[in-house]
Every structure is written in structure tokens, then in C-alpha cells.
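**Q** work.txt (compact mmCIF, C-alpha atoms) pasted underneath:
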```txt
# COMPACT_ATOMS: atom_id res chain seq x y z
CA MET A 789 29.11 7.25 59.42
CA TYR A 790 29.79 10.95 59.04
CA ARG A 791 26.56 12.84 58.79
CA LEU A 792 26.53 15.93 56.62
CA LEU A 793 22.96 17.12 56.37
CA VAL A 794 19.31 16.27 56.32
CA ILE A 795 17.11 17.38 53.46
CA THR A 796 13.37 17.52 53.91
CA LEU A 797 11.27 16.60 50.93
CA MET A 798 7.57 16.16 50.40
CA ALA A 799 6.64 12.83 48.89
CA LEU A 800 2.98 12.15 48.12
CA ALA A 801 1.65 9.38 50.32
CA ALA A 802 5.15 8.80 51.66
CA ILE A 803 3.92 8.33 55.21
CA GLY A 804 0.27 9.02 54.76
CA PHE A 805 -1.50 12.32 54.61
CA GLY A 806 -1.70 15.08 57.15
CA CYS A 807 -4.50 17.58 57.49
CA GLU A 808 -6.61 18.15 54.42
CA GLY A 809 -4.64 15.72 52.26
CA ASP A 810 -1.27 17.44 52.64
CA PRO A 811 1.66 15.03 52.25
CA LEU A 812 3.95 14.56 55.22
CA PRO A 813 7.71 15.08 54.89
CA LEU A 814 10.05 12.21 54.20
CA GLY A 815 13.54 12.56 55.69
CA TRP A 816 16.54 12.30 53.40
CA ASP A 817 19.99 11.87 54.96
CA LEU A 818 23.31 12.26 53.13
CA GLU A 819 26.27 10.71 54.94
CA PHE A 820 29.94 10.15 54.09
CA SER A 821 31.59 6.75 54.38
CA ASP A 822 34.66 8.28 56.04
CA GLY A 823 35.79 11.49 57.68
CA ALA A 824 38.42 12.34 55.05
CA LEU A 825 35.71 12.60 52.39
CA LEU A 826 33.58 14.76 54.66
CA GLY A 827 36.57 17.01 55.39
CA ARG A 828 37.24 17.51 51.68
CA ALA A 829 33.64 18.35 50.76
CA VAL A 830 32.88 22.00 50.07
CA VAL A 831 29.62 21.52 48.16
CA VAL A 832 27.21 18.59 48.13
CA GLU A 833 24.62 18.35 45.39
CA ALA A 834 21.48 16.49 46.47
CA VAL A 835 19.62 14.95 43.52
CA ILE A 836 16.33 13.11 42.88
CA PHE A 837 15.98 10.81 39.86
CA GLU A 838 12.71 9.45 38.49
CA GLY A 839 12.69 5.68 38.00
CA GLY A 840 15.99 4.88 39.71
CA CYS A 841 19.64 5.95 39.92
CA ASP A 842 20.01 5.88 36.11
CA GLY A 843 16.73 7.75 35.59
CA GLU A 844 15.99 11.33 34.65
CA GLU A 845 17.11 13.99 37.11
CA VAL A 846 14.03 15.88 38.33
CA PHE A 847 15.43 17.88 41.24
CA SER A 848 18.79 19.05 42.51
CA THR A 849 20.02 21.51 45.08
CA GLU A 850 23.48 22.46 46.30
CA ILE A 851 24.36 22.61 49.96
CA LEU A 852 27.48 24.53 50.98
CA LYS A 853 29.67 23.27 53.81
CA GLY A 854 28.42 24.69 57.08
CA GLU A 855 25.07 25.72 55.65
CA ASP A 856 22.15 25.24 58.01
CA SER A 857 19.33 25.60 55.51
CA VAL A 858 16.99 22.75 54.71
CA ALA A 859 15.91 22.31 51.10
CA VAL A 860 12.38 21.25 50.27
CA ALA A 861 12.09 19.04 47.21
CA PRO A 862 8.98 18.83 45.04
CA HIS A 863 6.04 16.58 45.82
CA LEU A 864 6.69 13.08 44.50
CA ALA A 865 4.03 10.64 43.33
CA ASP A 866 3.98 6.98 44.28
CA GLY A 867 6.49 4.94 42.31
CA ARG A 868 10.19 4.26 41.88
CA TRP A 869 12.56 7.13 42.76
CA ALA A 870 16.24 7.50 43.55
CA PHE A 871 17.84 9.90 45.99
CA GLY A 872 21.48 10.73 45.39
CA GLY A 873 24.32 12.97 46.33
CA ARG A 874 27.55 14.18 44.73
CA ALA A 875 30.34 15.83 46.73
CA ARG A 876 32.73 18.43 45.28
CA ASP A 877 35.89 20.00 46.62
CA GLY A 878 36.91 23.65 46.34
CA GLY A 879 38.20 23.05 42.80
CA CYS A 880 34.79 21.74 41.63
CA VAL A 881 36.07 18.17 41.37
CA THR A 882 33.39 15.53 42.05
CA PHE A 883 35.15 13.00 44.27
CA ALA A 884 32.34 11.16 46.10
CA GLU A 885 28.81 10.10 45.28
CA GLY A 886 26.02 7.79 46.28
CA CYS A 887 22.48 6.85 45.34
CA THR A 888 19.62 4.98 47.02
CA GLU A 889 16.53 3.70 45.19
CA VAL A 890 13.16 3.57 46.93
CA THR A 891 9.57 2.87 46.05
CA LEU A 892 7.12 5.43 47.36
CA PRO A 893 5.15 5.36 49.52
CA THR A 894 7.68 4.52 52.21
CA ALA A 895 8.03 5.48 55.85
CA GLY A 896 11.65 6.62 55.33
CA PRO A 897 13.97 8.18 56.08
CA VAL A 898 16.01 7.64 52.92
CA ASN A 899 19.71 7.22 53.70
CA VAL A 900 22.32 7.93 51.00
CA MET A 901 25.94 6.95 51.66
CA LEU A 902 28.54 9.01 49.76
CA SER A 903 31.66 7.00 48.95
CA ALA A 904 34.80 7.82 46.97
CA ARG A 905 34.42 7.69 43.18
CA ALA A 906 36.75 5.34 41.33
CA THR A 907 37.63 8.26 39.04
CA GLU A 908 37.30 11.87 40.11
CA VAL A 909 35.76 14.19 37.50
CA PRO A 910 35.48 17.96 37.19
CA ALA A 911 31.91 19.20 37.54
CA CYS A 912 32.78 22.23 35.37
CA SER A 913 35.76 24.01 33.89
CA SER A 914 38.14 25.76 36.28
CA SER A 915 37.18 29.10 34.71
CA ARG A 916 33.59 28.57 35.95
CA CYS A 917 34.51 27.26 39.41
CA SER A 918 34.28 29.42 42.50
CA GLU A 919 34.84 27.72 45.87
CA GLY A 920 33.26 24.45 44.77
CA GLN A 921 30.31 26.01 42.96
CA CYS A 922 29.94 25.92 39.17
CA LEU A 923 28.89 29.34 37.94
CA ASP A 924 26.97 30.11 34.75
CA VAL A 925 29.63 32.60 33.66
CA PRO A 926 33.42 32.45 33.94
CA VAL A 927 34.95 33.60 37.20
CA ASP A 928 36.36 37.14 36.98
CA GLY A 929 40.05 36.79 37.59
CA GLY A 930 40.54 40.52 38.06
CA SER A 931 42.28 42.88 35.67
CA PRO A 932 44.15 41.08 32.91
CA ASP A 933 47.89 41.58 32.55
CA ALA A 934 47.40 42.25 28.86
CA CYS A 935 44.60 42.04 26.37
CA THR A 936 43.79 42.72 22.79
CA ALA A 937 40.74 44.41 21.41
CA THR A 938 38.27 41.84 20.09
CA GLU A 939 37.16 44.09 17.24
CA THR A 940 36.33 47.71 16.71
CA ASN A 941 32.56 47.34 16.41
CA CYS A 942 31.23 49.54 19.20
CA ASP A 943 27.64 48.37 19.12
CA ASP A 944 28.13 44.62 19.51
CA GLY A 945 27.50 44.58 23.28
CA VAL A 946 31.10 43.54 23.99
CA ASP A 947 33.96 45.28 25.78
CA ASP A 948 35.86 45.80 22.53
CA ASP A 949 38.62 48.00 23.89
CA CYS A 950 39.24 46.15 27.16
CA ASN A 951 38.51 49.17 29.34
CA GLY A 952 36.01 47.36 31.56
CA ASP A 953 32.94 48.93 29.97
CA ILE A 954 30.60 47.27 27.52
CA ASP A 955 30.90 49.38 24.39
CA CYS A 956 27.63 50.17 22.74
CA ASP A 957 27.55 52.99 20.25
CA ASP A 958 29.92 55.19 22.25
CA ALA A 959 33.22 56.92 21.66
CA ALA A 960 35.12 54.36 23.76
CA CYS A 961 35.89 52.15 20.79
CA VAL A 962 39.57 52.39 19.89
CA ASP A 963 42.04 50.36 17.89
CA GLU A 964 44.45 50.11 20.82
CA PRO A 965 43.30 48.24 23.97
CA VAL A 966 43.19 50.34 27.14
CA CYS A 967 44.36 47.53 29.44
```
The structure given in the file should be rewritten as C-alpha cells.

**A**
Amino acid sequence: MYRLLVITLMALAAIGFGCEGDPLPLGWDLEFSDGALLGRAVVVEAVIFEGGCDGEEVFSTEILKGEDSVAVAPHLADGRWAFGGRARDGGCVTFAEGCTEVTLPTAGPVNVMLSARATEVPACSSSRCSEGQCLDVPVDGGSPDACTATETNCDDGVDDDCNGDIDCDDAACVDEPVC
């Protein structure tokens, strides 16, 4: 077993209650089935599903390789839950995953074994991938070699003339790109 990280989560009545009815933490371990998978991992997404591994995703957090932080998941009520993990490489390809179903309350810890996927899948497009993380906006590849003006409407909130500035009712709008 190749241990990657431990995530602390609060599960209602998971072990009993501490002072004044506060829930006690339930340990959640993500491990890799072999060292090659661990070596390839750049980002691991830890996920909680309601009802089981095929249930609705209610929590997720990303852990970067070498990160020491401990995530705290939401409080979970008694019932059926699943704790999972998905590993990605630097190109945002999901290559390993695992899921463990539990019924709370339980004394834990919950152990999730990440094994190689039969088919690797991209977690996002390469234009949104930055060192294993999927970004909300495309990755800036630097200055383009060439570009064309999208249109000559200066107040559309777009960089119409490719000069690096968002044109909005200014004199920067030209028919020829500035790239």
C-alpha cells in the first residue's frame, strides 16, 4: 500500500459525540495500489457521494502532490455514504480511482484504494489543464504567433484587436490586429 494522504471529515455520530454534541472526526485514507500510480499522480480529487459510489456527489476537494493541508468535509448524517478518490497526472488525465461505501455511524477510518482505471479519461480539455488542475478558463499560452480581430465592436467586452487589452468604448479598436 502506498499512502498518499489522510483527509479529516466530520461525520455526525460517526464515533459518538464530543463536548456539547459536536461530532468527532472520522479518518479517511486514500492509498494507491502500487508505487507507479503514486509516482504518476499530480492531483488527487477526494469525493463524497450520498447513497453509495453511484450516488450524488456532495463534496470534493483537490489535493496537490506534496501538499500537507488537511481538508475538512461537511458534517454527514447517519446513512449510506461513499468515499472516493480520482488521481490525475500533469496532463489532467484521470488514470486511477477508487471508492468505498460505508454506513454511518462507523468507527472508521474509511480506507479508499486507488487502482488503475481500465480506460484513462481526460478530466478536462488540454486548454484548461495546468499541472494536473482543471481551470475554469483556458490556460494562457502566452502571446499568439498570429491572430485576427474578432470584430470591430469596441464595446463588447472582448479584446477585438488582439492587443492584450479588453476594448470597451475606446480608440483601440482597429481593423488590423496588433499582434

**Q** Please report the interatomic distance between CA of Pro910 (chain A) and CA of Asp817 (chain A) in Å with one decimal.

**A** 24.3 Å

**Q** Edge lengths and centre, in Å to one decimal, as AutoDock Vina command-line options: that's what I need for the box along x, y and z that holds all listed atoms of region 815-820 of chain A plus 5 Å on each side.

**A**
```
--center_x 21.7 --center_y 11.4 --center_z 54.4 --size_x 26.4 --size_y 12.4 --size_z 12.6
```

**Q** Could you tell me which of A:Ala906, A:Ala861, A:Ala884, A:Cys912 comes closest to Val925 (chain A) if we count all atoms listed in the file?

**A**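 The closest residue to Val925 (chain A) is A:Cys912.
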
**Q** Around the point (20.7, 1.9, 49.3), in the coordinates given by the file, pick out the residues reaching within 9 Å, counting all atoms listed in the file, and return them as a PyMOL selection string.

**A** chain A and resi 886-890+898-901

**Q** Could you please determine the separation between CA of Thr849 (chain A) and CA of Gly867 (chain A) in Å, to one decimal place?

**A**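 Computed distance, CA of Thr849 (chain A) to CA of Gly867 (chain A), equals 21.6 Å.
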
**Q** How many Å separate CA of Glu850 (chain A) from CA of Gly896 (chain A)?

**A**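 Distance between the two atoms: 21.7 Å.
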
**Q** For each of A:Leu892, A:Val830, A:Ala870, A:Leu902, take the minimum atom-to-atom distance to Gln921 (chain A), counting only C-alpha atoms, then give the residue where this is smallest.

**A** A:Val830

**Q** Mind listing as a PyMOL selection string all residues within 12 Å of (41.0, 9.8, 46.8), counting only C-alpha atoms?

**A** chain A and resi 822+824-826+828-829+877+881-884+903-909

**Q** Name the closest residue to Cys880 (chain A) among the candidates A:Glu838, A:Glu833, A:Glu819, A:Glu919; distances are taken between atoms, counting all atoms listed in the file.

**A**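 Among the listed residues, the smallest separation from Cys880 (chain A) belongs to A:Glu919.
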
**Q** From the options A:Asp866, A:Cys917, A:Pro897, A:Leu814, which residue's atoms come nearest to Gly839 (chain A), counting all atoms listed in the file?

**A**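 With all atoms listed in the file as the atom set, the closest residue is A:Asp866.
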
**Q** Return the single residue from A:Val860, A:Leu852, A:Ala895, A:Cys841 that is closest to Gly920 (chain A), with distances computed using all atoms listed in the file.

**A**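 Ranked by minimum distance to Gly920 (chain A), first place goes to A:Leu852.
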
**Q** Measuring atom to atom with all atoms listed in the file, identify which of A:Ala875, A:Ser915, A:Arg868, A:Pro893 is nearest to Val832 (chain A).

**A**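 The shortest atom-to-atom distance to Val832 (chain A) comes from A:Ala875.
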